[in-house]
Amino acid sequence: KMATSSAGMRQCFAVLVFVALLACSQGFYLPGVAPRAFKDLEPVNMKVQTLVSTETPLQFDYYQLPFCEPSNIQDLPENLGEALAGEKAHTSAFQARMKEDEYCKTLCRKKFTPQQMEEFQDFAILEYRVNMRL
């Protein structure tokens with residue numbers, strides 16, 4: 001009994017030391033997730049990620065649907081979390097400036113084929129939404 005009691009005490013002590021060290025630890029930096037300060041009216045790049053749904057686990061690339069596109073779509077570098085989650089970010093046609101109000105601005109005008117409209121409808125029925133980030 002004495003040996004098991006001693007082993008239990010050591011485990012308890014190890015857990016307490018771990019918790020104490022955890023409480024004293026500082027935050028750490030992950031590349032790509034550092035905060036950034038913007039100046040007034042500085043352009044803010046809006047990025048689009050994947051189309052996701054709560055109805056199905058399937059994810060789709062944003063530009064798989066015929067959304068408005070920038071003149072040059074670029075794949076953007078990922079941080080560690082995005083790489084592990086399988087998320088890809090792309091440039092978008094959306095434009096914004098820091099501390100500048102915008103209301104109801106047209107992004108582009110397009111004519112859609114009946115097949116494209118049906119594809120949009122299929123995604124809407126499955127409640128797909130896009131993840132965007134700054």
# chains A, B, ... in the order shown; residues from 1 in each chain; ligands from 1

call {"tool": "select_by_dssp", "arguments": {"residues": "range 33-87 of chain A", "states": "strand (DSSP E)", "output": "list in words"}}
result
Pro43, Val44, Asn45, Met46, Lys47, Val48, Gln49, Thr50, Leu51, Val52, Ser53, Phe60, Asp61, Asp75 and Leu76 of chain A

call {"tool": "select_by_dssp", "arguments": {"residues": "range 9-127 of chain A", "states": "helix (DSSP H, G or I)", "output": "PyMOL selection string"}}
result
chain A and resi 9-24+62-64+80-85+114-125

call {"tool": "atom_distance", "arguments": {"atom1": "CA of Ser53 in chain A", "atom2": "CA of Tyr128 in chain A"}}
result
4.3 Å

call {"tool": "residues_around", "arguments": {"residues": "range 33-47 of chain A", "least_positions_apart": "2", "cutoff": "10 Å", "atoms": "only C-alpha atoms", "output": "count of residues only"}}
result
28

call {"tool": "residues_around", "arguments": {"residues": "Thr56 in chain A", "least_positions_apart": "6", "cutoff": "12 Å", "atoms": "only C-alpha atoms", "output": "ChimeraX atom specification"}}
result
/A:123,125-129

call {"tool": "write_last_selection", "arguments": {"atoms": "all heavy atoms", "output": "CSV table (one decimal), in the first residue's frame"}}
result
chain,number,residue,atom,x,y,z
A,123,PHE,N,-26.6,25.3,-53.7
A,123,PHE,CA,-25.8,25.7,-52.6
A,123,PHE,C,-26.6,26.4,-51.5
A,123,PHE,O,-26.4,26.3,-50.3
A,123,PHE,CB,-24.6,26.6,-53.0
A,123,PHE,CG,-23.4,25.8,-53.5
A,123,PHE,CD1,-23.5,25.2,-54.8
A,123,PHE,CD2,-22.3,25.6,-52.7
A,123,PHE,CE1,-22.4,24.5,-55.2
A,123,PHE,CE2,-21.2,24.9,-53.2
A,123,PHE,CZ,-21.2,24.3,-54.4
A,125,ILE,N,-29.9,25.9,-50.9
A,125,ILE,CA,-30.7,24.9,-50.2
A,125,ILE,C,-29.9,24.2,-49.1
A,125,ILE,O,-30.4,23.9,-48.0
A,125,ILE,CB,-31.3,23.9,-51.2
A,125,ILE,CG1,-32.4,24.6,-52.1
A,125,ILE,CG2,-31.8,22.7,-50.5
A,125,ILE,CD1,-32.8,23.8,-53.3
A,126,LEU,N,-28.6,24.0,-49.3
A,126,LEU,CA,-27.8,23.3,-48.4
A,126,LEU,C,-27.2,24.3,-47.4
A,126,LEU,O,-26.3,23.9,-46.6
A,126,LEU,CB,-26.7,22.5,-49.0
A,126,LEU,CG,-27.2,21.2,-49.8
A,126,LEU,CD1,-26.1,20.6,-50.6
A,126,LEU,CD2,-27.8,20.2,-48.8
A,127,GLU,N,-27.6,25.5,-47.4
A,127,GLU,CA,-27.2,26.6,-46.5
A,127,GLU,C,-25.7,26.8,-46.4
A,127,GLU,O,-25.1,27.0,-45.4
A,127,GLU,CB,-27.7,26.3,-45.1
A,127,GLU,CG,-29.2,26.3,-45.0
A,127,GLU,CD,-29.8,26.0,-43.6
A,127,GLU,OE1,-29.0,26.1,-42.6
A,127,GLU,OE2,-31.0,25.7,-43.5
A,128,TYR,N,-25.1,26.8,-47.6
A,128,TYR,CA,-23.7,27.1,-47.7
A,128,TYR,C,-23.4,28.6,-47.4
A,128,TYR,O,-24.3,29.5,-47.7
A,128,TYR,CB,-23.1,26.8,-49.1
A,128,TYR,CG,-22.6,25.4,-49.2
A,128,TYR,CD1,-23.5,24.4,-49.6
A,128,TYR,CD2,-21.3,25.0,-48.8
A,128,TYR,CE1,-23.0,23.0,-49.6
A,128,TYR,CE2,-20.9,23.7,-48.9
A,128,TYR,CZ,-21.7,22.7,-49.3
A,128,TYR,OH,-21.3,21.4,-49.3
A,129,ARG,N,-22.3,28.9,-46.8
A,129,ARG,CA,-21.9,30.3,-46.5
A,129,ARG,C,-20.4,30.4,-46.7
A,129,ARG,O,-19.7,29.4,-46.7
A,129,ARG,CB,-22.3,30.7,-45.1
A,129,ARG,CG,-21.6,30.0,-44.0
A,129,ARG,CD,-22.2,30.2,-42.7
A,129,ARG,NE,-21.5,29.5,-41.6
A,129,ARG,CZ,-21.6,28.2,-41.4
A,129,ARG,NH1,-22.4,27.5,-42.1
A,129,ARG,NH2,-20.9,27.7,-40.4

call {"tool": "closest_residue", "arguments": {"among": "A:Pro66, A:Gly86, A:Pro57, A:Gly8", "to": "Phe112 in chain A", "atoms": "only C-alpha atoms"}}
result
A:Pro66

call {"tool": "closest_residue", "arguments": {"among": "A:Cys68, A:Leu58, A:Ala7, A:Leu16", "to": "Leu107 in chain A", "atoms": "only C-alpha atoms"}}
result
A:Cys68

call {"tool": "closest_residue", "arguments": {"among": "A:Gln64, A:Ala14, A:Val48, A:Ser6", "to": "Phe120 in chain A", "atoms": "only C-alpha atoms"}}
result
A:Gln64

call {"tool": "closest_residue", "arguments": {"among": "A:Thr50, A:Arg10, A:Val130, A:Leu65", "to": "Gln115 in chain A", "atoms": "only C-alpha atoms"}}
result
A:Leu65

call {"tool": "atom_distance", "arguments": {"atom1": "CA of Pro70 in chain A", "atom2": "CA of Cys108 in chain A"}}
result
9.9 Å

call {"tool": "atom_distance", "arguments": {"atom1": "CA of Phe60 in chain A", "atom2": "CA of Lys110 in chain A"}}
result
21.2 Å

call {"tool": "decode", "arguments": {"residues": "range 117-130 of chain A", "atoms": "N, CA and C atoms", "output": "PDB file, in the first residue's frame"}}
result
ATOM      1  N   MET A 117     -27.616  29.475 -62.199  1.00  0.00           N
ATOM      2  CA  MET A 117     -28.637  29.811 -61.203  1.00  0.00           C
ATOM      3  C   MET A 117     -29.064  28.565 -60.432  1.00  0.00           C
ATOM      4  N   GLU A 118     -29.148  27.441 -61.117  1.00  0.00           N
ATOM      5  CA  GLU A 118     -29.500  26.186 -60.450  1.00  0.00           C
ATOM      6  C   GLU A 118     -28.398  25.777 -59.466  1.00  0.00           C
ATOM      7  N   GLU A 119     -27.148  26.013 -59.856  1.00  0.00           N
ATOM      8  CA  GLU A 119     -26.030  25.693 -58.975  1.00  0.00           C
ATOM      9  C   GLU A 119     -26.072  26.573 -57.718  1.00  0.00           C
ATOM     10  N   PHE A 120     -26.332  27.884 -57.882  1.00  0.00           N
ATOM     11  CA  PHE A 120     -26.495  28.775 -56.736  1.00  0.00           C
ATOM     12  C   PHE A 120     -27.629  28.276 -55.838  1.00  0.00           C
ATOM     13  N   GLN A 121     -28.736  27.872 -56.450  1.00  0.00           N
ATOM     14  CA  GLN A 121     -29.890  27.393 -55.688  1.00  0.00           C
ATOM     15  C   GLN A 121     -29.538  26.146 -54.880  1.00  0.00           C
ATOM     16  N   ASP A 122     -28.793  25.227 -55.492  1.00  0.00           N
ATOM     17  CA  ASP A 122     -28.378  24.012 -54.779  1.00  0.00           C
ATOM     18  C   ASP A 122     -27.548  24.350 -53.545  1.00  0.00           C
ATOM     19  N   PHE A 123     -26.630  25.310 -53.684  1.00  0.00           N
ATOM     20  CA  PHE A 123     -25.799  25.717 -52.551  1.00  0.00           C
ATOM     21  C   PHE A 123     -26.634  26.432 -51.492  1.00  0.00           C
ATOM     22  N   ALA A 124     -27.615  27.222 -51.925  1.00  0.00           N
ATOM     23  CA  ALA A 124     -28.477  27.932 -50.970  1.00  0.00           C
ATOM     24  C   ALA A 124     -29.346  26.949 -50.186  1.00  0.00           C
ATOM     25  N   ILE A 125     -29.872  25.936 -50.854  1.00  0.00           N
ATOM     26  CA  ILE A 125     -30.710  24.931 -50.184  1.00  0.00           C
ATOM     27  C   ILE A 125     -29.917  24.223 -49.084  1.00  0.00           C
ATOM     28  N   LEU A 126     -28.642  23.968 -49.345  1.00  0.00           N
ATOM     29  CA  LEU A 126     -27.791  23.300 -48.352  1.00  0.00           C
ATOM     30  C   LEU A 126     -27.170  24.293 -47.374  1.00  0.00           C
ATOM     31  N   GLU A 127     -27.615  25.543 -47.405  1.00  0.00           N
ATOM     32  CA  GLU A 127     -27.206  26.599 -46.472  1.00  0.00           C
ATOM     33  C   GLU A 127     -25.692  26.814 -46.449  1.00  0.00           C
ATOM     34  N   TYR A 128     -25.077  26.838 -47.626  1.00  0.00           N
ATOM     35  CA  TYR A 128     -23.651  27.147 -47.697  1.00  0.00           C
ATOM     36  C   TYR A 128     -23.439  28.625 -47.410  1.00  0.00           C
ATOM     37  N   ARG A 129     -22.329  28.925 -46.789  1.00  0.00           N
ATOM     38  CA  ARG A 129     -21.934  30.309 -46.522  1.00  0.00           C
ATOM     39  C   ARG A 129     -20.433  30.408 -46.742  1.00  0.00           C
ATOM     40  N   VAL A 130     -19.974  31.626 -46.928  1.00  0.00           N
ATOM     41  CA  VAL A 130     -18.555  31.825 -47.191  1.00  0.00           C
ATOM     42  C   VAL A 130     -17.858  32.362 -45.952  1.00  0.00           C
TER      43      VAL A 130
END
